[in-house]
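Read the structure below first, then the notes.
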Amino acid sequence: MSLIQILVFTASASVFGTLALAVARSGLERWRNAVRAARPWLMLAAGVIALYWLQPSTPIRHLDFWLPTATLALVGLIWTVTSRPRPIDIPTTLVTASVVAGLVLLIGATRYIDALCCLTPSRPPEATAILVVVLAIVALCAGFGQFLAGARQLNAALLVMVLGVFVVLKTEPLGAGLSALLRSLSGQSVAQASAFDVSWLGFSYIAFRLIHVLRDHAAGRLPALSLREFVIYVLFFPALVAGPIDRAERFVKDVRTWDAAPEQIDARAEDVSAGLQRIFIGLFKKFALADTLALIALNPTNAGQVQTAGWAWVLVYAYAFRLYLDFSGYTDIAVGMGRLFGVRLPENFDRPYLRPNLTLFWNSWHMTLANWFRAYWFNPLTRWLRTRSIGRDASRVILIGQTSTMLLIGLWHGVAWNFALWGVWHALGLFIHNRWSAWMRARSANADLPSTPTSVWRTRAVAAFNIALTFHFVALGWVWFVLPDVGQALDLFATLFGG
Amino acid sequence: MSRVDIHRPAMGRIAVKALALFVLINALFVLVDPLPAIGSLSAYNVIFPGRPRLPYSDFPDRAYNLSLYTLNAMFAAHEINAGPKPADEYRILLIGDSSVWGFLLKPEQTLAAYLNAGRYMSPDGRRVRVYNLGYPIMSVTKDLLLLREAMRYQPDLIVWLVTLESLPRNRQLIHPLVQNNASAVRALIAEYGLALDPNDARLIDPSVFDRTVVGRRRHVADIIRLQLYGVLWAATGIDQDYPDYEPAAIDLEADETFHDLKPPMLRAEDLALDVLRAGHALAGATPILLVNEPILISNGRNSDVRYNFFYPRWAYDQYRALLAAEAQRNRWHYLDVWDIVPMSEFTNSAVHLTPAGSLLLANRIAEAVQKIARRD
């Protein structure tokens with residue numbers, strides 16, 4: 001998201017937040033109802049518009065229009081499946097579908113209006129093509145809803161489909177293959193196909209929201225969501241590009257319970273002031289600090305050029321802080337914008353570099369992703385392992401659970417060796433910390449000695465040492481993360497340790 | 001009183017104070033113009049080693065270096081600014097164009113680096129230390145501007161490399177560094193009576209808005225970026241992008257024109273020789289060795305008409321004669337080494353040398369410098 005885009009969204013959200021506050025203060029029932037009714041539609045429209053506006057350009061003809069459209073198709077299909085077996089409110093669903101389809105057609109129509117062209121990075125396809133595709137999506141969703149929505153296998157099939165697309169996008173050779181296919185379909189040269197051609201806006205986050213609703217639907221935990229609520233949840237514009245990954249049942253409460261009633265003046269005022277404050281903090285972190293540190297942060301080019309251990313450490317530190325400030329800055333902006341719309345998005349970071357051990361680091365770094373993996377991978381896996389013979393050995397269960405979880409978190413960033421190694425690095429760190437903690441607990445329990453008072457300074461020194469140790473373990477892990485060439489990463493480790 | 005009630009007036013007060021502070025800082029910026037002072041604050045020579053050549057690059061992310069217009073910041077980043085001049089140092093400053101700066105050459109392959117590698121001693125026993133103050137793009141007025149700044153570093157000798165392309169009058173104000181230091185250039189014009197127009201539209205006079213923090217943001221950002229790139233300069237020793245390049249043209253157009261000049265006559269007034277005279281006046285008692293730098297002498301197509309891409313033969317030959325006569329008339333130390341470097345030792349332009357070419361030139365300059373040092 002560029003600064004201009006952020007500022008436009010911030011300005012729009014601020015106007016809404018301020019308007020809501022003014023309405024709450026006015027105490028006018030008519031205005032209150034109007035704002036309350038308009039809010040979800042505004043959120044829906046903003047999500048759809050953001051989907052197209054933020055989509056990066058691609059060299060494949062019209063793909064920057066079709067990828068957001070594919071996102072909408074996927075959202076529609078998955079809502080159709082997960083909305084059953086509960087009855088659907090047909091009229092409101094039709095209105096929502098019409099609004100979304102209308103927005104898509106309007107965005108497509110900018111092709112013909114030079115003054116407005118274009119919301120998408122390149123000129124949209126012809127209106128007839130868009131109309132045909134939109135009608136096909138509507139027909140497909142309606143068909144699913146009519147004939148197949150109750151089928152359990154459909155949920156699993158959609159899950160596999162979302163995961164499949166995710167894997168293709170994250171795996172370079174597969175991405176290049178997809179690019180070649182799309183290029184041949186659009187009559188372009190296949191020779192220039194590259195995995196970078198198919199940059200699908202926010203799919204990493206959209207996919208995880210969709211998987212979450214599919215899994216919770218299968219488990220019977222998903223609350224009833226209207227199509228409008230579902231689209232708003234998946235495409236909530238502040239969280240579209242870089243999360244956080246909210247849970248549907250929590251998110252929808254914020255959508256439903258918001259009001260501009262006089263008794264909520266304080267809440268609305270707090271939304272505006274806290275939201276703007278968070279956005280300013282986020283902008284400063286991202287554009288003043290992170291972008292400045294980016295100039296000197298470790299990257300594949302300077303990793304091969306650095307000559308001394310001391311300066312290599314400086315580059316690693318710069319990368320560690322740049323990544324944190326960049327990502328947490330985006331999260332601040334997202335949380336702030338959400339707040340202006342009365343949505344309290346979950347936090348993603350909680351001072352992660354001040355944590356005294358790796359377990360606590362992962363409780364405070366990219367928290368919504370870590371929680372997602374805990375809920376949908378680690379917990380089910382370890383529960384299952386405990387039912388098998390292997391489950392008698394707790395340490396083995398933990399090792400398998402943590403390694404596979406961290407490996408998947410690594411691969412979520414891209415199917416490549418360096419991300420896998422980054423995941424394994426953290427898995428081993430977590431396992432060692434887990435075993436160390438267990439050993440320390442057992443030792444304390446067995447010691448059977450009266451506890452001796454510990455000096456404050458000693459406690460502080462130990463805490464500082466633990467924080468420094470954890471930070472350095474994490475910072476060294478970023479070497480795997482940032483350098484795609486494993487050999488180059490090993491060379492850098494050698495430089496860092498004076499080799 | 002609720003939390004929000006406390007917040008509301010506080011937010012208003014903060015906004016008003018922030019606005020007042022913003023206006024005040026901008027007004028102070030306009031009145032005081034602290035940019036030169038800000039430029040003097042540098043992490044170079046303190047946290048990072050000073051740069052061996054003045055900051056210059058169009059590709060900062062690859063070169064870990066960037067071009068900026070604040071002279072103080074440029075010199076503050078240079079190794080010449082490391083501290084007071086040591087008593088046992090015979091200080092030589094090199095000024096000139098990109099060939100002196102060392103375009104496409106690593107820091108250890110420049111003219112200054114080779115001269116330093118020679119570990120020469122002055123006749124009075126001081127070790128010779130050469131500083132590279134060359135700066136890309138040819139214009140002797142730009143050289144004069146840099147020389148004025150450099151004089152505070154107490155040189156014992158100045159070596160000024162020039163070529164015909166740096167002397168045409170219409171090139172003198174073409175350099176962005178010159179244009180963005182309009183008041184300093186005007187001062188030079190006035191002080192030395194240079195035949196340049198002080199009201200030339202190319203000289204950039206900042207408006208009141210341009211002198212605010214907002215207006216100066218690019219200059220301030222460049223100074224900050226220069227400090228940040230110090231990390232990567234220190235970490236890698238890289239200060240230039242080294243792209244693949246097309247070798248300098250050997251086959252030439254049969255074109256006899258040089259800028260807007262046509263054969264048969266190049267007149268002294270067509271060239272900014274007054275700027276060279278101003279340089280000597282500025283240097284005062286410090287000797288200057290004026291060097292006509294090497295050029296590529298082509299043997300390709302139409303080489304009977306032109307020496308290279310820059311120069312038709314008639315213009316260059318007459319320039320050499322004019323410069324030699326001017327040097328003789330003013331009793332300048334003058335060295336004409338226009339033809340000492342073979343064609344194979346040029347890189348992407350008719351004045352950019354390979355490391356071998358650079359070494360060849362260094363050896364010839366070293367001889368001339370030793371003679372001057374002995375004489376002085």
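Convention: chains lettered A, B, ... in structure tokens order; per-chain residue numbering from 1; ligands numbered from 1 as shown.
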Q | Residue hits in chain A, query chain B, radius 7 Å, only C-alpha atoms, as a ChimeraX atom specification | A | /A:266,269-270,296,305-308,311
**Q.** Shell around segment 308-320 of chain B at 10 Å using only C-alpha atoms, local window under 3 positions removed, as a PyMOL selection string
**A.** chain B and resi 163-165+167+248-259+261-268+270-271+292+295-300+302-305+323-326+336+338+349-351
Q: Give the helix (DSSP H, G or I) residues of segment 286-424 of chain A, as assigned by DSSP on the backbone, as a ChimeraX atom specification.
A: /A:286-293,300-303,309-340,352-354,358-362,367-386,389-392,394-412,417-424
Q.
I'd like the contact shell of segment 103-111 of chain A - 8 Å cut-off, only C-alpha atoms, skipping same-chain residues fewer than 6 positions apart - returned as a list in words.
A. Ala45, Val48, Ile49, Thr69, Cys117, Cys118, Leu119, Thr120, Arg123, Pro124, Pro125, Glu126, Ala127, Ile130 and Leu131 of chain A
Next, write the just-selected residues to a file, as a tab-separated table (two decimals), in the first residue's frame, keeping C-alpha atoms as the atom set.
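What landed in part.tsv:
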```tsv
chain	number	residue	atom	x	y	z
A	45	ALA	CA	-17.92	-0.95	-0.90
A	48	VAL	CA	-14.39	-4.22	-2.96
A	49	ILE	CA	-12.86	-0.96	-4.19
A	69	THR	CA	-12.62	-10.72	-9.47
A	117	CYS	CA	-9.42	5.54	-15.59
A	118	CYS	CA	-8.31	3.56	-13.91
A	119	LEU	CA	-8.81	2.23	-10.46
A	120	THR	CA	-6.92	-0.89	-11.47
A	123	ARG	CA	-7.18	-0.47	-18.23
A	124	PRO	CA	-9.90	-3.02	-17.34
A	125	PRO	CA	-11.14	-5.56	-19.89
A	126	GLU	CA	-14.13	-4.87	-22.12
A	127	ALA	CA	-17.52	-4.53	-20.44
A	130	ILE	CA	-16.75	-8.47	-17.37
A	131	LEU	CA	-20.51	-8.89	-17.63
```
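Here atom CA of Asn155 of chain A and atom CA of Leu214 of chain A stand 6.3 Å from one another.
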Q.
With distances taken over only C-alpha atoms, which residue among A:Arg268, A:Arg215, A:Arg441, A:Lys285 lies nearest Ile78 of chain A?
A. A:Arg215
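When only C-alpha atoms are used to compute distances to Asn418 of chain A, the closest of the residues A:Met406, A:Leu483, A:Leu63, A:Leu185 turns out to be A:Leu483.
With only C-alpha atoms as the atoms that count, the residue of A:Ala274, A:Val314, A:Ala375, A:Val231 with the shortest distance to Val75 of chain A is A:Val231.
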Q | One-decimal distance in Å that lies between atom CA of Arg278 of chain A and atom CA of Thr257 of chain A | A | 22.3 Å
Tell me which protein, DNA and RNA residues are within 12 Å of Ala117 of chain B, counting only C-alpha atoms, leaving out same-chain ones fewer than 4 positions away, and put them as a PDB file with C-alpha atoms, in the first residue's frame.
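New file out-v8.pdb:
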```pdb
ATOM      1  CA  PRO B 107      38.425   3.665  -4.627  1.00  0.00           C
ATOM      2  CA  GLU B 108      41.871   2.047  -4.703  1.00  0.00           C
ATOM      3  CA  GLN B 109      42.188   2.515  -8.487  1.00  0.00           C
ATOM      4  CA  THR B 110      41.739   6.274  -8.732  1.00  0.00           C
ATOM      5  CA  LEU B 111      44.424   8.768  -9.581  1.00  0.00           C
ATOM      6  CA  ALA B 112      44.597   9.901  -5.958  1.00  0.00           C
ATOM      7  CA  ALA B 113      44.828   6.325  -4.708  1.00  0.00           C
ATOM      8  CA  MET B 121      57.873  12.299   0.320  1.00  0.00           C
ATOM      9  CA  ARG B 127      54.746  12.477   3.506  1.00  0.00           C
ATOM     10  CA  VAL B 128      52.692  13.326   0.476  1.00  0.00           C
ATOM     11  CA  ARG B 129      48.986  12.776   0.955  1.00  0.00           C
ATOM     12  CA  VAL B 130      46.690  13.234  -2.011  1.00  0.00           C
ATOM     13  CA  LEU B 359      48.323   4.470 -12.983  1.00  0.00           C
ATOM     14  CA  ALA B 362      49.538   9.058 -11.755  1.00  0.00           C
ATOM     15  CA  ASN B 363      53.172   8.364 -12.573  1.00  0.00           C
ATOM     16  CA  ALA B 366      53.953  12.395  -9.615  1.00  0.00           C
TER      17      ALA B 366
END
```
**Q.** Of the listed residues B:Ala195, B:Ala190, B:Val159, B:Ile25, that which approaches Val100 of chain B most closely, counting only C-alpha atoms
**A.** B:Val159
Q.
Residues within 7 Å of segment 143-152 of chain B, please, as an MDAnalysis selection string. Count only C-alpha atoms; anything in the same chain fewer than 3 positions from it doesn't count.
A. chainID B and resid 95:96 139:140 155 185 279
Q.
Which residues are near Arg209 of chain A? Cut-off 7 Å, only C-alpha atoms, ignore same chain within fewer than 4 positions. Put them as a PyMOL selection string.
A. chain A and resi 205+213+234+245
Q. Neighbours of Tyr376 of chain A within 10 Å (only C-alpha atoms; same-chain residues fewer than 2 positions away dropped), as number ranges by chain?
A. A: 211-212, 215-216, 371-374, 378-381, 405
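Across the structure, atom CA of Ile365 of chain B and atom CA of Leu93 of chain B are spaced 12.4 Å apart.
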